[in-house]
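Below is protein_0.csv, holding CSV, N, CA and C atoms.
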```csv
chain,number,residue,atom,x,y,z
A,179,ASP,N,150.0,82.4,115.5
A,179,ASP,CA,150.4,83.7,115.0
A,179,ASP,C,150.2,83.8,113.5
A,180,THR,N,150.4,82.8,112.8
A,180,THR,CA,150.2,82.8,111.3
A,180,THR,C,148.8,83.1,111.0
A,181,ILE,N,147.8,82.5,111.6
A,181,ILE,CA,146.4,82.7,111.3
A,181,ILE,C,146.0,84.1,111.7
A,182,LYS,N,146.6,84.6,112.8
A,182,LYS,CA,146.4,86.0,113.2
A,182,LYS,C,146.9,87.0,112.1
A,183,ILE,N,148.0,86.7,111.5
A,183,ILE,CA,148.5,87.6,110.4
A,183,ILE,C,147.7,87.5,109.2
A,184,LEU,N,147.2,86.3,108.9
A,184,LEU,CA,146.4,86.1,107.7
A,184,LEU,C,145.0,86.7,107.8
A,185,ASN,N,144.5,86.8,109.0
A,185,ASN,CA,143.2,87.3,109.3
A,185,ASN,C,143.2,88.8,109.5
A,186,ASP,N,144.4,89.4,109.4
A,186,ASP,CA,144.6,90.9,109.6
A,186,ASP,C,144.0,91.6,108.4
A,187,ASP,N,143.5,92.8,108.6
A,187,ASP,CA,142.9,93.6,107.6
A,187,ASP,C,143.9,93.9,106.5
A,188,GLU,N,145.2,94.2,106.8
A,188,GLU,CA,146.2,94.4,105.8
A,188,GLU,C,146.4,93.2,104.9
A,189,ALA,N,146.3,92.0,105.4
A,189,ALA,CA,146.5,90.8,104.6
A,189,ALA,C,145.3,90.7,103.7
A,190,PHE,N,144.1,91.0,104.1
A,190,PHE,CA,142.9,91.0,103.2
A,190,PHE,C,143.1,92.0,102.1
A,191,SER,N,143.5,93.2,102.4
A,191,SER,CA,143.7,94.2,101.3
A,191,SER,C,144.8,93.7,100.3
A,192,ASN,N,145.8,93.1,100.8
A,192,ASN,CA,146.9,92.6,99.9
A,192,ASN,C,146.3,91.4,99.1
A,193,PHE,N,145.5,90.6,99.7
A,193,PHE,CA,144.9,89.5,98.9
A,193,PHE,C,144.0,90.1,97.8
A,194,ASP,N,143.2,91.1,98.1
A,194,ASP,CA,142.4,91.7,97.1
A,194,ASP,C,143.2,92.2,96.0
A,195,LYS,N,144.3,92.9,96.2
A,195,LYS,CA,145.1,93.5,95.2
A,195,LYS,C,145.7,92.4,94.3
A,196,THR,N,146.2,91.4,94.9
A,196,THR,CA,146.8,90.3,94.1
A,196,THR,C,145.8,89.5,93.3
A,197,VAL,N,144.7,89.1,94.0
A,197,VAL,CA,143.7,88.3,93.3
A,197,VAL,C,143.0,89.0,92.2
A,198,ASN,N,142.7,90.3,92.4
A,198,ASN,CA,142.1,91.1,91.3
A,198,ASN,C,143.0,91.2,90.1
A,199,SER,N,144.3,91.4,90.3
A,199,SER,CA,145.2,91.5,89.2
A,199,SER,C,145.4,90.1,88.5
A,200,PHE,N,145.3,89.1,89.3
A,200,PHE,CA,145.4,87.7,88.7
A,200,PHE,C,144.2,87.4,87.9
A,201,LEU,N,143.0,87.8,88.4
A,201,LEU,CA,141.7,87.5,87.7
A,201,LEU,C,141.6,88.3,86.4
A,202,GLN,N,142.2,89.4,86.3
A,202,GLN,CA,142.1,90.2,85.1
A,202,GLN,C,142.8,89.6,83.9
A,203,THR,N,143.8,88.8,84.2
A,203,THR,CA,144.5,88.1,83.1
A,203,THR,C,143.8,86.9,82.6
A,204,ILE,N,142.8,86.4,83.3
A,204,ILE,CA,142.0,85.2,82.9
A,204,ILE,C,140.6,85.7,82.5
A,205,SER,N,140.4,86.0,81.2
A,205,SER,CA,139.1,86.6,80.8
A,205,SER,C,138.1,85.6,80.5
A,206,SER,N,138.5,84.4,80.1
A,206,SER,CA,137.5,83.4,79.8
A,206,SER,C,136.7,82.9,81.0
A,207,THR,N,137.4,82.7,82.1
A,207,THR,CA,136.7,82.3,83.3
A,207,THR,C,135.9,83.5,83.8
A,208,THR,N,136.3,84.7,83.7
A,208,THR,CA,135.5,85.8,84.1
A,208,THR,C,134.2,85.9,83.3
A,209,MET,N,134.3,85.7,82.0
A,209,MET,CA,133.1,85.7,81.2
A,209,MET,C,132.1,84.5,81.6
A,210,GLN,N,132.7,83.4,82.0
A,210,GLN,CA,131.8,82.3,82.4
A,210,GLN,C,131.2,82.6,83.8
A,211,GLU,N,132.0,83.2,84.6
A,211,GLU,CA,131.4,83.6,85.9
A,211,GLU,C,130.3,84.6,85.8
A,212,ARG,N,130.5,85.6,84.8
A,212,ARG,CA,129.4,86.5,84.6
A,212,ARG,C,128.1,85.8,84.1
A,213,LEU,N,128.3,84.9,83.2
A,213,LEU,CA,127.2,84.1,82.7
A,213,LEU,C,126.5,83.3,83.8
A,214,ASN,N,127.3,82.7,84.7
A,214,ASN,CA,126.8,82.0,85.8
A,214,ASN,C,126.0,82.9,86.7
A,215,ARG,N,126.5,84.1,87.0
A,215,ARG,CA,125.8,85.1,87.8
A,215,ARG,C,124.5,85.5,87.2
A,216,ALA,N,124.6,85.8,85.9
A,216,ALA,CA,123.4,86.2,85.2
A,216,ALA,C,122.3,85.1,85.2
A,217,THR,N,122.7,83.9,85.1
A,217,THR,CA,121.8,82.8,85.1
A,217,THR,C,121.2,82.6,86.5
A,218,ALA,N,122.0,82.8,87.5
A,218,ALA,CA,121.5,82.7,88.9
A,218,ALA,C,120.5,83.8,89.2
A,219,VAL,N,120.7,85.0,88.7
A,219,VAL,CA,119.8,86.1,88.8
A,219,VAL,C,118.5,85.8,88.1
A,220,LEU,N,118.6,85.3,86.9
A,220,LEU,CA,117.3,84.9,86.2
A,220,LEU,C,116.6,83.8,86.9
A,221,ILE,N,117.2,82.9,87.4
A,221,ILE,CA,116.6,81.8,88.2
A,221,ILE,C,115.9,82.4,89.4
A,222,LYS,N,116.5,83.2,90.1
A,222,LYS,CA,115.9,83.8,91.3
A,222,LYS,C,114.7,84.7,90.9
A,223,ALA,N,114.8,85.4,89.9
A,223,ALA,CA,113.7,86.3,89.4
A,223,ALA,C,112.5,85.4,89.0
A,224,ALA,N,112.8,84.3,88.3
A,224,ALA,CA,111.8,83.4,87.9
A,224,ALA,C,111.1,82.8,89.1
A,225,ALA,N,111.8,82.4,90.1
A,225,ALA,CA,111.2,81.8,91.3
A,225,ALA,C,110.4,82.9,92.0
A,226,ALA,N,110.9,84.1,92.1
A,226,ALA,CA,110.2,85.2,92.8
A,226,ALA,C,108.9,85.6,92.1
A,227,THR,N,108.9,85.7,90.8
A,227,THR,CA,107.8,86.2,90.1
A,227,THR,C,106.9,85.0,89.6
A,228,GLY,N,107.4,83.8,89.5
A,228,GLY,CA,106.6,82.7,88.9
A,228,GLY,C,106.5,82.8,87.4
A,229,ALA,N,107.3,83.6,86.8
A,229,ALA,CA,107.2,83.8,85.3
A,229,ALA,C,108.0,82.6,84.6
A,230,PRO,N,107.3,81.8,83.8
A,230,PRO,CA,108.0,80.7,83.1
A,230,PRO,C,108.9,81.2,82.1
A,231,GLU,N,108.7,82.4,81.5
A,231,GLU,CA,109.6,83.0,80.5
A,231,GLU,C,111.0,83.2,81.1
A,232,LEU,N,111.0,83.7,82.3
A,232,LEU,CA,112.3,83.9,82.9
A,232,LEU,C,113.0,82.6,83.2
A,233,ALA,N,112.3,81.5,83.6
A,233,ALA,CA,112.9,80.2,83.8
A,233,ALA,C,113.5,79.7,82.5
A,234,LEU,N,112.7,79.9,81.4
A,234,LEU,CA,113.2,79.4,80.1
A,234,LEU,C,114.4,80.2,79.7
A,235,LEU,N,114.4,81.5,80.0
A,235,LEU,CA,115.6,82.3,79.7
A,235,LEU,C,116.8,81.9,80.5
A,236,ALA,N,116.6,81.5,81.7
A,236,ALA,CA,117.7,81.1,82.6
A,236,ALA,C,118.3,79.8,82.0
A,237,SER,N,117.4,78.9,81.6
A,237,SER,CA,117.9,77.6,81.0
A,237,SER,C,118.6,77.8,79.7
A,238,ARG,N,118.2,78.8,78.9
A,238,ARG,CA,118.9,79.1,77.7
A,238,ARG,C,120.2,79.8,78.0
A,239,ALA,N,120.3,80.5,79.1
A,239,ALA,CA,121.5,81.2,79.4
A,239,ALA,C,122.6,80.1,79.8
A,240,LYS,N,122.2,79.0,80.3
A,240,LYS,CA,123.2,78.0,80.6
A,240,LYS,C,123.6,77.3,79.4
A,241,LEU,N,122.8,77.2,78.4
A,241,LEU,CA,123.1,76.5,77.1
A,241,LEU,C,123.7,77.4,76.0
A,242,ASP,N,123.1,78.5,75.8
A,242,ASP,CA,123.5,79.4,74.7
A,242,ASP,C,124.5,80.4,75.1
A,243,ALA,N,125.0,81.1,74.1
A,243,ALA,CA,126.0,82.1,74.4
A,243,ALA,C,125.2,83.3,75.0
A,244,PHE,N,125.9,84.2,75.6
A,244,PHE,CA,125.3,85.3,76.3
A,244,PHE,C,124.5,86.3,75.3
A,245,THR,N,125.0,86.4,74.1
A,245,THR,CA,124.4,87.2,73.1
A,245,THR,C,122.9,86.8,72.8
A,246,LYS,N,122.7,85.5,72.8
A,246,LYS,CA,121.4,85.0,72.5
A,246,LYS,C,120.5,85.3,73.6
A,247,VAL,N,121.0,85.3,74.8
A,247,VAL,CA,120.2,85.6,76.0
A,247,VAL,C,119.7,87.1,75.9
A,248,LYS,N,120.7,87.9,75.5
A,248,LYS,CA,120.4,89.3,75.4
A,248,LYS,C,119.3,89.6,74.3
A,249,GLU,N,119.4,88.8,73.2
A,249,GLU,CA,118.3,88.9,72.2
A,249,GLU,C,117.0,88.5,72.7
A,250,GLU,N,116.9,87.4,73.5
A,250,GLU,CA,115.7,87.0,74.1
A,250,GLU,C,115.1,88.0,75.1
A,251,ILE,N,116.0,88.6,75.8
A,251,ILE,CA,115.6,89.7,76.8
A,251,ILE,C,115.0,90.8,76.0
A,252,ASP,N,115.6,91.2,74.9
A,252,ASP,CA,115.1,92.3,74.1
A,252,ASP,C,113.8,92.0,73.5
A,253,LYS,N,113.6,90.7,73.0
A,253,LYS,CA,112.3,90.3,72.5
A,253,LYS,C,111.2,90.3,73.6
A,254,MET,N,111.6,89.9,74.8
A,254,MET,CA,110.6,89.9,75.9
A,254,MET,C,110.3,91.3,76.3
A,255,VAL,N,111.2,92.3,76.2
A,255,VAL,CA,110.9,93.7,76.5
A,255,VAL,C,110.0,94.2,75.5
A,256,ILE,N,110.2,93.9,74.2
A,256,ILE,CA,109.3,94.4,73.2
A,256,ILE,C,107.9,93.8,73.4
A,257,GLN,N,107.8,92.6,73.7
A,257,GLN,CA,106.5,91.9,73.9
A,257,GLN,C,105.8,92.5,75.1
A,258,LEU,N,106.5,92.8,76.2
A,258,LEU,CA,105.9,93.4,77.4
A,258,LEU,C,105.5,94.8,77.1
A,259,LYS,N,106.2,95.6,76.3
A,259,LYS,CA,105.8,96.9,76.0
A,259,LYS,C,104.5,96.9,75.1
A,260,LYS,N,104.4,95.9,74.2
A,260,LYS,CA,103.2,95.8,73.4
A,260,LYS,C,102.0,95.4,74.3
A,261,GLN,N,102.3,94.5,75.2
A,261,GLN,CA,101.2,94.1,76.1
A,261,GLN,C,100.8,95.2,77.0
A,262,GLN,N,101.7,96.0,77.4
A,262,GLN,CA,101.4,97.2,78.3
A,262,GLN,C,100.5,98.2,77.4
A,263,GLN,N,100.9,98.4,76.2
A,263,GLN,CA,100.1,99.3,75.3
A,263,GLN,C,98.7,98.8,75.1
A,264,ASP,N,98.6,97.5,74.9
A,264,ASP,CA,97.2,96.9,74.7
A,264,ASP,C,96.4,97.0,76.0
A,265,GLU,N,97.0,96.9,77.2
A,265,GLU,CA,96.3,97.0,78.4
A,265,GLU,C,95.9,98.5,78.6
A,266,ILE,N,96.7,99.4,78.2
A,266,ILE,CA,96.3,100.8,78.3
A,266,ILE,C,95.1,101.1,77.4
A,267,GLU,N,95.2,100.6,76.2
A,267,GLU,CA,94.1,100.8,75.2
A,267,GLU,C,92.8,100.2,75.8
A,268,HIS,N,92.9,99.0,76.4
A,268,HIS,CA,91.7,98.3,76.9
A,268,HIS,C,91.2,99.1,78.1
A,269,ARG,N,92.1,99.6,79.0
A,269,ARG,CA,91.6,100.5,80.1
A,269,ARG,C,90.9,101.7,79.6
A,270,ASP,N,91.5,102.4,78.6
A,270,ASP,CA,90.8,103.6,78.1
A,270,ASP,C,89.4,103.3,77.5
A,271,TRP,N,89.3,102.1,76.8
A,271,TRP,CA,88.0,101.7,76.3
A,271,TRP,C,87.0,101.5,77.4
A,272,CYS,N,87.5,100.8,78.5
A,272,CYS,CA,86.6,100.6,79.6
A,272,CYS,C,86.1,101.9,80.3
A,273,ILE,N,87.0,102.8,80.4
A,273,ILE,CA,86.7,104.1,81.0
A,273,ILE,C,85.6,104.8,80.1
A,274,ASP,N,85.8,104.8,78.8
A,274,ASP,CA,84.9,105.4,77.8
A,274,ASP,C,83.5,104.7,78.0
A,275,GLU,N,83.5,103.4,78.0
A,275,GLU,CA,82.2,102.7,78.1
A,275,GLU,C,81.5,103.0,79.4
A,276,LEU,N,82.3,103.1,80.5
A,276,LEU,CA,81.7,103.4,81.8
A,276,LEU,C,81.1,104.8,81.8
A,277,ASN,N,81.8,105.8,81.2
A,277,ASN,CA,81.3,107.1,81.1
A,277,ASN,C,80.0,107.2,80.2
A,278,LYS,N,80.0,106.4,79.1
A,278,LYS,CA,78.8,106.3,78.3
A,278,LYS,C,77.6,105.8,79.1
A,279,ASN,N,77.9,104.7,79.8
A,279,ASN,CA,76.9,104.1,80.6
A,279,ASN,C,76.3,105.0,81.7
A,280,ASN,N,77.2,105.7,82.4
A,280,ASN,CA,76.8,106.7,83.4
A,280,ASN,C,75.9,107.8,82.8
A,281,ARG,N,76.3,108.3,81.6
A,281,ARG,CA,75.5,109.3,80.9
A,281,ARG,C,74.1,108.8,80.5
A,282,SER,N,74.1,107.6,80.0
A,282,SER,CA,72.8,107.0,79.7
A,282,SER,C,71.9,106.8,80.9
A,283,SER,N,72.6,106.3,82.0
A,283,SER,CA,71.8,106.1,83.2
A,283,SER,C,71.2,107.5,83.7
A,284,GLU,N,72.0,108.5,83.7
A,284,GLU,CA,71.5,109.8,84.1
A,284,GLU,C,70.4,110.3,83.2
A,285,GLU,N,70.5,110.1,81.9
A,285,GLU,CA,69.4,110.5,81.0
A,285,GLU,C,68.1,109.7,81.3
A,286,SER,N,68.3,108.4,81.6
A,286,SER,CA,67.1,107.6,81.9
A,286,SER,C,66.5,108.1,83.2
A,287,TYR,N,67.3,108.4,84.2
A,287,TYR,CA,66.8,108.9,85.5
A,287,TYR,C,66.1,110.2,85.3
A,288,ASP,N,66.6,111.1,84.5
A,288,ASP,CA,66.0,112.4,84.2
A,288,ASP,C,64.6,112.1,83.5
A,289,MET,N,64.6,111.2,82.5
A,289,MET,CA,63.4,110.9,81.8
A,289,MET,C,62.3,110.3,82.8
A,290,LYS,N,62.8,109.5,83.6
A,290,LYS,CA,61.9,108.9,84.6
A,290,LYS,C,61.3,110.0,85.5
A,291,ALA,N,62.1,110.9,86.0
A,291,ALA,CA,61.7,111.9,86.9
A,291,ALA,C,60.7,112.8,86.2
A,292,SER,N,60.9,113.2,84.9
A,292,SER,CA,60.0,114.0,84.2
A,292,SER,C,58.7,113.3,83.9
A,293,LEU,N,58.7,112.0,83.6
A,293,LEU,CA,57.5,111.3,83.4
A,293,LEU,C,56.7,111.2,84.7
A,294,GLU,N,57.4,111.0,85.8
A,294,GLU,CA,56.7,110.9,87.1
A,294,GLU,C,56.0,112.3,87.5
A,295,THR,N,56.7,113.4,87.2
A,295,THR,CA,56.1,114.7,87.4
A,295,THR,C,54.9,114.9,86.5
A,296,LYS,N,55.0,114.4,85.2
A,296,LYS,CA,53.9,114.5,84.3
A,296,LYS,C,52.7,113.7,84.8
A,297,ILE,N,53.0,112.5,85.3
A,297,ILE,CA,51.9,111.7,85.8
A,297,ILE,C,51.2,112.3,87.0
A,298,ALA,N,52.0,112.9,87.9
A,298,ALA,CA,51.5,113.6,89.0
A,298,ALA,C,50.6,114.8,88.6
A,299,ASP,N,51.1,115.6,87.6
A,299,ASP,CA,50.3,116.7,87.1
A,299,ASP,C,49.0,116.2,86.5
A,300,LEU,N,49.0,115.1,85.7
A,300,LEU,CA,47.8,114.6,85.1
A,300,LEU,C,46.8,114.1,86.1
A,301,GLU,N,47.3,113.5,87.2
A,301,GLU,CA,46.5,113.0,88.3
A,301,GLU,C,45.8,114.1,89.0
A,302,LYS,N,46.5,115.3,89.1
A,302,LYS,CA,45.9,116.4,89.8
A,302,LYS,C,44.8,117.0,88.9
A,303,THR,N,44.9,117.0,87.6
A,303,THR,CA,43.9,117.5,86.7
A,303,THR,C,42.7,116.7,86.6
A,304,ILE,N,42.8,115.4,86.9
A,304,ILE,CA,41.7,114.5,86.9
A,304,ILE,C,40.8,114.7,88.1
```

Take the structure in the file and give it back as C-alpha coordinates.
Amino acid sequence: DTIKILNDDEAFSNFDKTVNSFLQTISSTTMQERLNRATAVLIKAAAATGAPELALLASRAKLDAFTKVKEEIDKMVIQLKKQQQDEIEHRDWCIDELNKNNRSSEESYDMKASLETKIADLEKTI
(Lines of atoms letter the chains of each structure in order from A and count residues from 1; the text may use other names and numbers.)
(Lines give C-alpha, C1' and ligand atoms only; values in the text may rest on other atoms or scores of the structure.)
Protein backbone atom coordinates (compact mmCIF):
# COMPACT_ATOMS: atom_id res chain seq x y z
CA ASP A 1 0.00 0.00 0.00
CA THR A 2 2.86 2.38 0.75
CA ILE A 3 4.36 2.00 -2.71
CA LYS A 4 0.94 2.55 -4.23
CA ILE A 5 0.58 5.82 -2.29
CA LEU A 6 4.08 6.96 -3.25
CA ASN A 7 3.47 6.21 -6.93
CA ASP A 8 0.21 8.16 -6.94
CA ASP A 9 0.03 11.33 -9.09
CA GLU A 10 -0.76 13.44 -6.02
CA ALA A 11 2.39 12.24 -4.32
CA PHE A 12 4.46 13.16 -7.39
CA SER A 13 2.99 16.66 -7.48
CA ASN A 14 3.76 17.06 -3.76
CA PHE A 15 7.32 15.87 -4.34
CA ASP A 16 7.71 18.40 -7.14
CA LYS A 17 6.54 21.25 -4.92
CA THR A 18 8.80 20.36 -1.99
CA VAL A 19 11.85 19.47 -4.07
CA ASN A 20 11.64 22.64 -6.15
CA SER A 21 11.41 24.83 -3.05
CA PHE A 22 14.32 22.96 -1.51
CA LEU A 23 16.49 23.34 -4.61
CA GLN A 24 15.88 27.05 -4.81
CA THR A 25 17.62 27.55 -1.48
CA ILE A 26 20.78 25.83 -2.73
CA SER A 27 22.09 28.07 -5.52
CA SER A 28 25.67 26.81 -5.74
CA THR A 29 24.63 23.28 -6.71
CA THR A 30 22.11 24.69 -9.16
CA MET A 31 24.85 26.69 -10.86
CA GLN A 32 27.06 23.60 -11.02
CA GLU A 33 24.18 21.58 -12.48
CA ARG A 34 23.66 24.23 -15.14
CA LEU A 35 27.35 24.14 -15.97
CA ASN A 36 27.22 20.35 -16.18
CA ARG A 37 24.17 20.48 -18.47
CA ALA A 38 25.81 23.09 -20.70
CA THR A 39 28.93 20.95 -20.89
CA ALA A 40 26.86 17.91 -21.82
CA VAL A 41 25.10 19.87 -24.58
CA LEU A 42 28.44 21.07 -25.97
CA ILE A 43 29.83 17.54 -25.94
CA LYS A 44 26.78 16.20 -27.78
CA ALA A 45 26.99 19.02 -30.33
CA ALA A 46 30.70 18.35 -30.84
CA ALA A 47 30.01 14.65 -31.39
CA ALA A 48 27.14 15.37 -33.77
CA THR A 49 28.94 17.96 -35.88
CA GLY A 50 32.49 16.72 -35.54
CA ALA A 51 33.62 20.26 -34.72
CA PRO A 52 36.82 20.21 -32.62
CA GLU A 53 36.11 23.77 -31.48
CA LEU A 54 32.98 22.61 -29.67
CA ALA A 55 34.88 19.77 -28.01
CA LEU A 56 37.51 22.25 -26.85
CA LEU A 57 34.78 24.53 -25.58
CA ALA A 58 33.21 21.63 -23.67
CA SER A 59 36.49 20.78 -22.00
CA ARG A 60 37.01 24.41 -21.06
CA ALA A 61 33.49 24.49 -19.64
CA LYS A 62 34.46 21.75 -17.24
CA LEU A 63 37.59 23.61 -16.14
CA ASP A 64 36.79 27.30 -16.40
CA ALA A 65 34.05 29.45 -15.02
CA PHE A 66 30.91 29.78 -17.11
CA THR A 67 31.72 33.38 -18.05
CA LYS A 68 34.86 32.28 -19.87
CA VAL A 69 32.81 29.77 -21.85
CA LYS A 70 30.41 32.53 -22.86
CA GLU A 71 33.35 34.66 -24.03
CA GLU A 72 34.64 31.76 -26.12
CA ILE A 73 31.19 31.25 -27.63
CA ASP A 74 31.05 34.96 -28.49
CA LYS A 75 34.48 34.77 -30.12
CA MET A 76 33.39 31.71 -32.09
CA VAL A 77 30.22 33.47 -33.25
CA ILE A 78 32.25 36.47 -34.43
CA GLN A 79 34.67 34.16 -36.24
CA LEU A 80 31.82 32.25 -37.90
CA LYS A 81 30.15 35.49 -39.01
CA LYS A 82 33.43 36.65 -40.57
CA GLN A 83 33.84 33.29 -42.26
CA GLN A 84 30.29 33.51 -43.58
CA GLN A 85 30.96 37.00 -44.96
CA ASP A 86 34.16 35.76 -46.65
CA GLU A 87 32.25 32.88 -48.22
CA ILE A 88 29.58 35.26 -49.50
CA GLU A 89 32.24 37.50 -51.05
CA HIS A 90 33.91 34.47 -52.67
CA ARG A 91 30.58 33.23 -54.01
CA ASP A 92 29.84 36.67 -55.49
CA TRP A 93 33.29 36.74 -57.11
CA CYS A 94 32.70 33.28 -58.61
CA ILE A 95 29.33 34.37 -60.00
CA ASP A 96 30.91 37.47 -61.57
CA GLU A 97 33.70 35.42 -63.12
CA LEU A 98 31.24 32.87 -64.46
CA ASN A 99 29.15 35.64 -66.03
CA LYS A 100 32.28 37.20 -67.60
CA ASN A 101 33.29 33.80 -68.95
CA ASN A 102 29.81 33.23 -70.42
CA ARG A 103 29.84 36.65 -72.10
CA SER A 104 33.30 36.02 -73.50
CA SER A 105 32.23 32.62 -74.82
CA GLU A 106 29.15 34.12 -76.47
CA GLU A 107 31.29 36.82 -78.12
CA SER A 108 33.69 34.16 -79.38
CA TYR A 109 30.85 32.05 -80.78
CA ASP A 110 29.39 35.14 -82.49
CA MET A 111 32.79 35.97 -83.98
CA LYS A 112 33.20 32.37 -85.15
CA ALA A 113 29.76 32.39 -86.79
CA SER A 114 30.45 35.69 -88.57
CA LEU A 115 33.83 34.43 -89.82
CA GLU A 116 32.23 31.20 -91.07
CA THR A 117 29.62 33.18 -92.98
CA LYS A 118 32.34 35.42 -94.39
CA ILE A 119 34.30 32.33 -95.51
CA ALA A 120 31.16 30.90 -97.12
CA ASP A 121 30.53 34.22 -98.96
CA LEU A 122 34.14 34.35 -100.18
CA GLU A 123 33.96 30.75 -101.40
CA LYS A 124 30.83 31.59 -103.39
CA THR A 125 32.56 34.53 -105.05
CA ILE A 126 35.51 32.36 -106.12

*Counting only N, CA and C atoms, the option among A:Ile251, A:Ile273, A:Asp186, A:Ala233 closest to Leu220 in chain A*: A:Ala233

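If you look at CA of Ile221 in chain A and atom C of Leu234 in chain A, they are 8.9 Å away from each other.
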
*Select all residues near (116.5, 80.6, 80.2) (cut-off 10 Å, inclusive, file coordinates), counting only C-alpha atoms, and output them as number ranges by chain.*
A: 217, 220-221, 224, 230-242, 247, 250-251

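Relative to atom N of Arg281 in chain A, atom C of Arg269 in chain A is found at 16.1 Å.
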
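CA of Lys253 in chain A is positioned 21.4 Å from CA of Asn214 in chain A.
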